[in-house]
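Asks: Below are the structure tokens for one structure; questions will follow.
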Amino acid sequence: MKTTVRQSSNFRSTDVNFQTMINELVVDTQMRIADNGYTFQGVPADSNTIAWTYTIGLSQNLGLPELVITNLENSDAVRLISWVVDQLREGKTLADFDSDLLVAVPVHRSHLAGDLMNVWRAYYDEEPCTAEVVQLRLGEALGCSCCWDSQVDLADPSSRLHDLGSMNRQQRRAFRKSNRRAQR
């Protein structure tokens with residue numbers, strides 16, 4: 001399978017070029033899904049937003065949940081999601097994965113109503129909450145505790161994908177610390 005990822009800028013619905021960009025992404029997405037049955041959409045990190053990557057097409061074409069990974073470079077996320085999809089196609093379930101490697105959590109509806117899956121929404125012309133969407137969180141074996149603890153938990157409706165860059169170092173540490181406490 002071709003594992004290209006389309007990276008979009010962090011356009012928001014208030015931007016003038018938003019609809020033009022989404023239309024171009026939808027056409028590109030149609031071609032990639034026609035080739036592979038599903039595709040990836042990557043949103044790169046910037047000073048105010050963490051990186052995230054999600055799938056489009058798994059639910060409709062393969063009967064699998066759509067997958068989301070945050071806090072990873074898009075190219076790394078594509079490799080990891082591709083491996084997970086291969087495992088799922090061979091009969092594994094998300095519950096079969098060792099929690100030291102990956103933890104699957106359902107994405108809260110509030111994130112699906114926001115900017116998390118704009119291209120998915122445009123491609124299907126419906127809200128992502130019509131499909132099962134699961135976040136793959138890295139287990140402790142795949143990174144240091146600092147990286148693991150700083151992952152956004154999309155099962156939590158108060159988690160934030162945006163405006164993290166506006167926090168200073170002390171605020172980011174406090175945010176990560178509160179996430180650790182909430183996960184216990």
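By convention in this document, the chains of the structure tokens carry letters A, B, ... by their order, each chain's residues are numbered from 1, and ligands are numbered from 1 in the order they are shown.
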Excluding Gln135 of chain A and any residue of its chain fewer than 5 positions from it, enumerate the residues within 9 Å of it, using only C-alpha atoms, and give them as a ChimeraX atom specification.
Replies: /A:54,66-70,103-107,153-155
Asks: Applying 6 Å and only C-alpha atoms, which residues near Gly139 of chain A remain after dropping the ones on its own chain fewer than 3 positions away? List them as a PyMOL selection string.
Replies: chain A and resi 99-102+142
Asks: Find the residues near segment 26-35 of chain A: any atom within 8 Å, counting only C-alpha atoms, skip ones fewer than 5 places away on the same chain, and give them as a ChimeraX atom specification.
Replies: /A:56-57,119,122-123
Asks: So which residues touch Thr53 of chain A within 8 Å, counting only C-alpha atoms, skipping near sequence neighbours fewer than 4 positions away, as a count of residues only?
Replies: 10
Asks: Record the distance separating atom CA of Cys129 of chain A and atom CA of Ile81 of chain A, expressed in Å with one decimal.
Replies: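 Interatomic distance, atom CA of Cys129 of chain A to atom CA of Ile81 of chain A: 20.0 Å.
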Asks: Nearest residue to Ile50 of chain A out of A:Val85, A:Leu25, A:Leu72, A:Leu62, using only C-alpha atoms?
Replies: A:Leu72
Asks: Rounded to one decimal, what separation in Å do you get between atom CA of Gly37 of chain A and atom CA of Asn61 of chain A?
Replies: 6.0 Å
